[in-house]
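Q: Handing you this structure, nothing more for now.
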Amino acid sequence: LKRVSVATGGGSYEILIGHSAMAGSREIGALAGDGGAVLLVNETVMRLHGAYLKESLSGIDIRDTILMPDGEEHKSYGEAEAAFNRILKCGLSRSSHIIGVGGGAAGDFAGYLAALYMRGIGVIQVPTTLLAMVDSSIGGKVAVNIGAGKNIVGAFHQPALVVSDIRFLETLPDGELANGLTEAVKHAFIGDEKSLRIFMDNDPQSIKDPAKLEEIVCHSARFKASVVGHDEKEGGLRAILNFGHTVGHAIESLLEYRGISHGAAVALGLKAELDISMKLGWLGKDEHALMTGLLERYGLVPEVCNLPAASLAEHMRYDKKNRDGRVSFVLLKGIGRPVYGEHVDDRLLMEVLDGIFGRRSDGSPGGLS
Ligand SMILES: NC(=O)c1ccc[n+]([C@@H]2O[C@H](COP(=O)([O-])OP(=O)(O)OC[C@H]3O[C@@H](n4cnc5c(N)ncnc54)[C@H](O)[C@@H]3O)[C@@H](O)[C@H]2O)c1
């Protein structure tokens, strides 16, 4: 097992990474041994990996298993109350844990319940998507959705332990893998050229090899751990993780979260923000070509046309990351050299957005093609 340590204000926690890490780790039992645990598992993961989960957790006092259906709508403020009632009924106390098994939705929901139940109990994150392994399980941001918006109600609640078991990725559909690859590639763009190597040396097929996925998870986890270790509560540096997300969120919001995955929107956002960085003269043409080429090679960037630049810019104005009413960007001054809190001149922004999302002369309809 590989181990990555994440520093927090009050201490640290470990991320265990490896194939069959669940079966091979004693840490979950050691943590959940005292006060017992409730298992919160995504339904699809339970169907595909239930027997393995049961076997790996056999020595642990699991008081109840809550199944969470697929779909972002179940990561909701409304559904949290029923879960709290179940957790109380089976007698979880301040020394107990919630074990969250699934993608980012299950992880965020488990973390949210643990953050609030009895003013905070431990959460063990067992991410089962690549995105959750490289991103959402690390850093302690937990949240649920309300009718008016996504991830609006939440907390910073650091996990007691993260177990990234590569075995789960064997059943992950290609589209979900692409979502995780986009975040991992983003980490490499803002992290360092060395972690880009694995993407440069592989192709969309060969990268699915479990040993390579493990290497990607290790690189990405180490990078995210170092960033959140320096800035636990998003006071500054952590903002660099939003590279690609200012434009990405605007696309999702304009399309009302329909017909485009988060990963695809972020990949388009990365492309736009790389273009802005180059047009400002901050990013060399070669580095720009290398990075946009990788996004294309892995098929991460969908064809999108006829999204009006002015509407995209309007959606950027409502981004919760903005400060002082101005749209804030993360841009690159080179591979591994991000800058955050940058404002972009309107003319340049329109030029870049028009270039990527503008009207096609063949009269294609708007949206994704
Ligand atoms: N807390 C954070 O810092 C943070 C960061 C990024 C994203 N998020 C949140 O994460 C969520 C997105 O996470 P996600 O992309 O993992 O999506 P997800 O949790 O919705 O999972 C995507 C799909 O993958 C399936 N799945 C999960 N594991 C599987 C496996 N091993 N084999 C086969 N299928 C599997 C699930 O059934 C689901 O349909 C969003 O709610 C987002 O807001 C949180």
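Residue names in the structure tokens use chain letters A, B, ... in the order shown, residue numbers from 1 in each chain, and ligand numbers from 1 in the order shown.
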Could you list, as a ChimeraX atom specification, all residues that come within 7 Å of ligand 1? Count only C-alpha atoms and all ligand atoms.
A: /A:42-45,48,70-72,75,102-106,108,128-132,135-143,151,168-173,176,179-180
Q: Find the spatial neighbours of Ala225 of chain A, counting only C-alpha atoms, within a cut-off of 12 Å - ignore same-chain residues fewer than 5 positions away - and output them as a PyMOL selection string.
A: chain A and resi 3-8+12-15+133-140+158+162+187+191+217-220+230-232+238+241
Q: If you count only C-alpha atoms, which residues fall within 12 Å of Ala289 of chain A, apart from same-chain ones fewer than 2 positions away, as a ChimeraX atom specification?
A: /A:271,274-275,278,283-287,291-297,334-335
Q: Give the helix (DSSP H, G or I) residues of segment 177-324 of chain A, as DSSP finds them on the backbone, and put them as number ranges by chain.
A: A: 177-191, 193-200, 206-208, 210-230, 237-242, 245-254, 262-279, 285-297, 309-316
Q: Would you pick out the contacts of Ser261 of chain A at 10 Å or less, using only C-alpha atoms, so that residues sharing its chain but fewer than 3 positions from it are not included, and give the list as a list in words?
A: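 Skipping anything fewer than 3 positions along the chain leaves Gly175, Glu176, Ala178, Asn179, Glu252, Tyr257, Arg258, Ala264, Ala265, Val266, Ala267 and Pro302 of chain A.
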Q: Can I get the residues of segment 180-211 of chain A within 12 Å of segment 18-36 of chain A, each with the closest pair of atoms and their distance in Å to one decimal, using only C-alpha atoms, sorted chain first then ascending number, as a Markdown table?
A:
| residue | atom | partner | partner_atom | distance |
| --- | --- | --- | --- | --- |
| A:Asp209 | CA | A:His19 | CA | 11.5 |
| A:Pro210 | CA | A:His19 | CA | 7.7 |
| A:Ala211 | CA | A:His19 | CA | 8.4 |
Q: Could you pull the residues within 10 Å of Arg86 of chain A, counting only C-alpha atoms, minus those fewer than 3 positions along the same chain, as number ranges by chain?
A: A: 38, 63-66, 81-83, 89-92
Q: Those same residues - N, CA, C and O atoms - I'd like them written as a PDB file, in the first residue's frame.
A:
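Saved as again_9.pdb:
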ATOM      1  N   VAL A  38     -21.541   3.200  10.762  1.00  0.00           N
ATOM      2  CA  VAL A  38     -22.612   3.043   9.782  1.00  0.00           C
ATOM      3  C   VAL A  38     -21.953   3.119   8.404  1.00  0.00           C
ATOM      4  O   VAL A  38     -21.089   3.968   8.172  1.00  0.00           O
ATOM      5  N   ARG A  63     -23.240  -1.139  12.200  1.00  0.00           N
ATOM      6  CA  ARG A  63     -24.567  -1.127  12.840  1.00  0.00           C
ATOM      7  C   ARG A  63     -25.711  -1.031  11.832  1.00  0.00           C
ATOM      8  O   ARG A  63     -26.827  -1.455  12.104  1.00  0.00           O
ATOM      9  N   ASP A  64     -25.450  -0.426  10.699  1.00  0.00           N
ATOM     10  CA  ASP A  64     -26.504  -0.273   9.684  1.00  0.00           C
ATOM     11  C   ASP A  64     -25.828   0.034   8.344  1.00  0.00           C
ATOM     12  O   ASP A  64     -24.699   0.532   8.327  1.00  0.00           O
ATOM     13  N   THR A  65     -26.509  -0.302   7.258  1.00  0.00           N
ATOM     14  CA  THR A  65     -25.979   0.024   5.931  1.00  0.00           C
ATOM     15  C   THR A  65     -27.023   0.857   5.194  1.00  0.00           C
ATOM     16  O   THR A  65     -28.150   0.398   4.975  1.00  0.00           O
ATOM     17  N   ILE A  66     -26.656   2.072   4.879  1.00  0.00           N
ATOM     18  CA  ILE A  66     -27.572   2.957   4.154  1.00  0.00           C
ATOM     19  C   ILE A  66     -27.177   2.938   2.683  1.00  0.00           C
ATOM     20  O   ILE A  66     -26.026   3.204   2.338  1.00  0.00           O
ATOM     21  N   GLU A  81     -32.112  14.159   6.606  1.00  0.00           N
ATOM     22  CA  GLU A  81     -32.815  13.942   7.875  1.00  0.00           C
ATOM     23  C   GLU A  81     -33.115  12.457   8.114  1.00  0.00           C
ATOM     24  O   GLU A  81     -32.911  11.946   9.213  1.00  0.00           O
ATOM     25  N   ALA A  82     -33.582  11.783   7.056  1.00  0.00           N
ATOM     26  CA  ALA A  82     -33.886  10.351   7.200  1.00  0.00           C
ATOM     27  C   ALA A  82     -32.616   9.590   7.591  1.00  0.00           C
ATOM     28  O   ALA A  82     -32.640   8.676   8.433  1.00  0.00           O
ATOM     29  N   ALA A  83     -31.500   9.982   7.000  1.00  0.00           N
ATOM     30  CA  ALA A  83     -30.230   9.312   7.317  1.00  0.00           C
ATOM     31  C   ALA A  83     -29.834   9.583   8.771  1.00  0.00           C
ATOM     32  O   ALA A  83     -29.425   8.661   9.498  1.00  0.00           O
ATOM     33  N   LYS A  89     -30.860   5.899  15.515  1.00  0.00           N
ATOM     34  CA  LYS A  89     -31.567   4.682  15.922  1.00  0.00           C
ATOM     35  C   LYS A  89     -30.612   3.519  16.183  1.00  0.00           C
ATOM     36  O   LYS A  89     -30.845   2.697  17.060  1.00  0.00           O
ATOM     37  N   CYS A  90     -29.532   3.445  15.402  1.00  0.00           N
ATOM     38  CA  CYS A  90     -28.642   2.304  15.618  1.00  0.00           C
ATOM     39  C   CYS A  90     -27.540   2.628  16.623  1.00  0.00           C
ATOM     40  O   CYS A  90     -26.594   1.858  16.780  1.00  0.00           O
ATOM     41  N   GLY A  91     -27.681   3.762  17.274  1.00  0.00           N
ATOM     42  CA  GLY A  91     -26.862   4.030  18.453  1.00  0.00           C
ATOM     43  C   GLY A  91     -25.466   4.577  18.206  1.00  0.00           C
ATOM     44  O   GLY A  91     -24.582   4.411  19.051  1.00  0.00           O
ATOM     45  N   LEU A  92     -25.248   5.250  17.077  1.00  0.00           N
ATOM     46  CA  LEU A  92     -23.908   5.830  16.890  1.00  0.00           C
ATOM     47  C   LEU A  92     -23.677   6.946  17.895  1.00  0.00           C
ATOM     48  O   LEU A  92     -24.570   7.752  18.175  1.00  0.00           O
TER      49      LEU A  92
END
Q: In Å, with one decimal, what is the gap from atom CA of Tyr112 of chain A to atom CA of Phe156 of chain A?
A: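 Atom CA of Tyr112 of chain A sits 8.8 Å away from atom CA of Phe156 of chain A.
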Q: Give me the residues within 8 Å of Ser76 of chain A as a list in words, counting only C-alpha atoms and dropping any in the same chain fewer than 3 places off.
A: Glu72, Glu73, Glu79, Ala80, Phe109, Val144, Asn145 and Ile146 of chain A
Q: For Val41 of chain A, work out the shell of residues within 6 Å, counting only C-alpha atoms and skipping chain neighbours fewer than 3 positions away, then give it as a ChimeraX atom specification.
A: /A:67-68,101-102
Q: Pull C-alpha atoms from the residues just selected and write them as a PDB file, in the first residue's frame.
A:
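Final output, saved to again-v2.pdb:
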ATOM      1  CA  LEU A  67     -27.852   2.577   0.392  1.00  0.00           C
ATOM      2  CA  MET A  68     -27.649   5.784  -1.611  1.00  0.00           C
ATOM      3  CA  VAL A 101     -18.252   4.154  -0.076  1.00  0.00           C
ATOM      4  CA  GLY A 102     -18.885   5.457  -3.590  1.00  0.00           C
TER       5      GLY A 102
END
Q: Go through A:Val301, A:Ala239, A:Ala51, A:Leu116 one by one, measure the shortest atom-to-atom distance of each to Gly341 of chain A using only C-alpha atoms, and give the residue with the smallest value.
A: A:Ala239
Q: Apply DSSP to the structure's backbone, then extract all residues of segment 162-223 of chain A labelled strand (DSSP E) and return them as a PDB file with N, CA and C atoms, in the first residue's frame.
A:
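Contents of the output file selection26.pdb:
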ATOM      1  N   VAL A 162      -8.644   7.910   4.402  1.00  0.00           N
ATOM      2  CA  VAL A 162      -9.147   7.706   3.037  1.00  0.00           C
ATOM      3  C   VAL A 162      -8.515   6.411   2.520  1.00  0.00           C
ATOM      4  N   VAL A 163      -9.349   5.524   1.970  1.00  0.00           N
ATOM      5  CA  VAL A 163      -8.811   4.283   1.400  1.00  0.00           C
ATOM      6  C   VAL A 163      -9.157   4.260  -0.090  1.00  0.00           C
ATOM      7  N   SER A 164      -8.163   4.463  -0.938  1.00  0.00           N
ATOM      8  CA  SER A 164      -8.385   4.460  -2.392  1.00  0.00           C
ATOM      9  C   SER A 164      -7.990   3.096  -2.942  1.00  0.00           C
ATOM     10  N   ASP A 165      -8.994   2.263  -3.121  1.00  0.00           N
ATOM     11  CA  ASP A 165      -8.770   0.882  -3.556  1.00  0.00           C
ATOM     12  C   ASP A 165      -8.963   0.812  -5.076  1.00  0.00           C
TER      13      ASP A 165
END
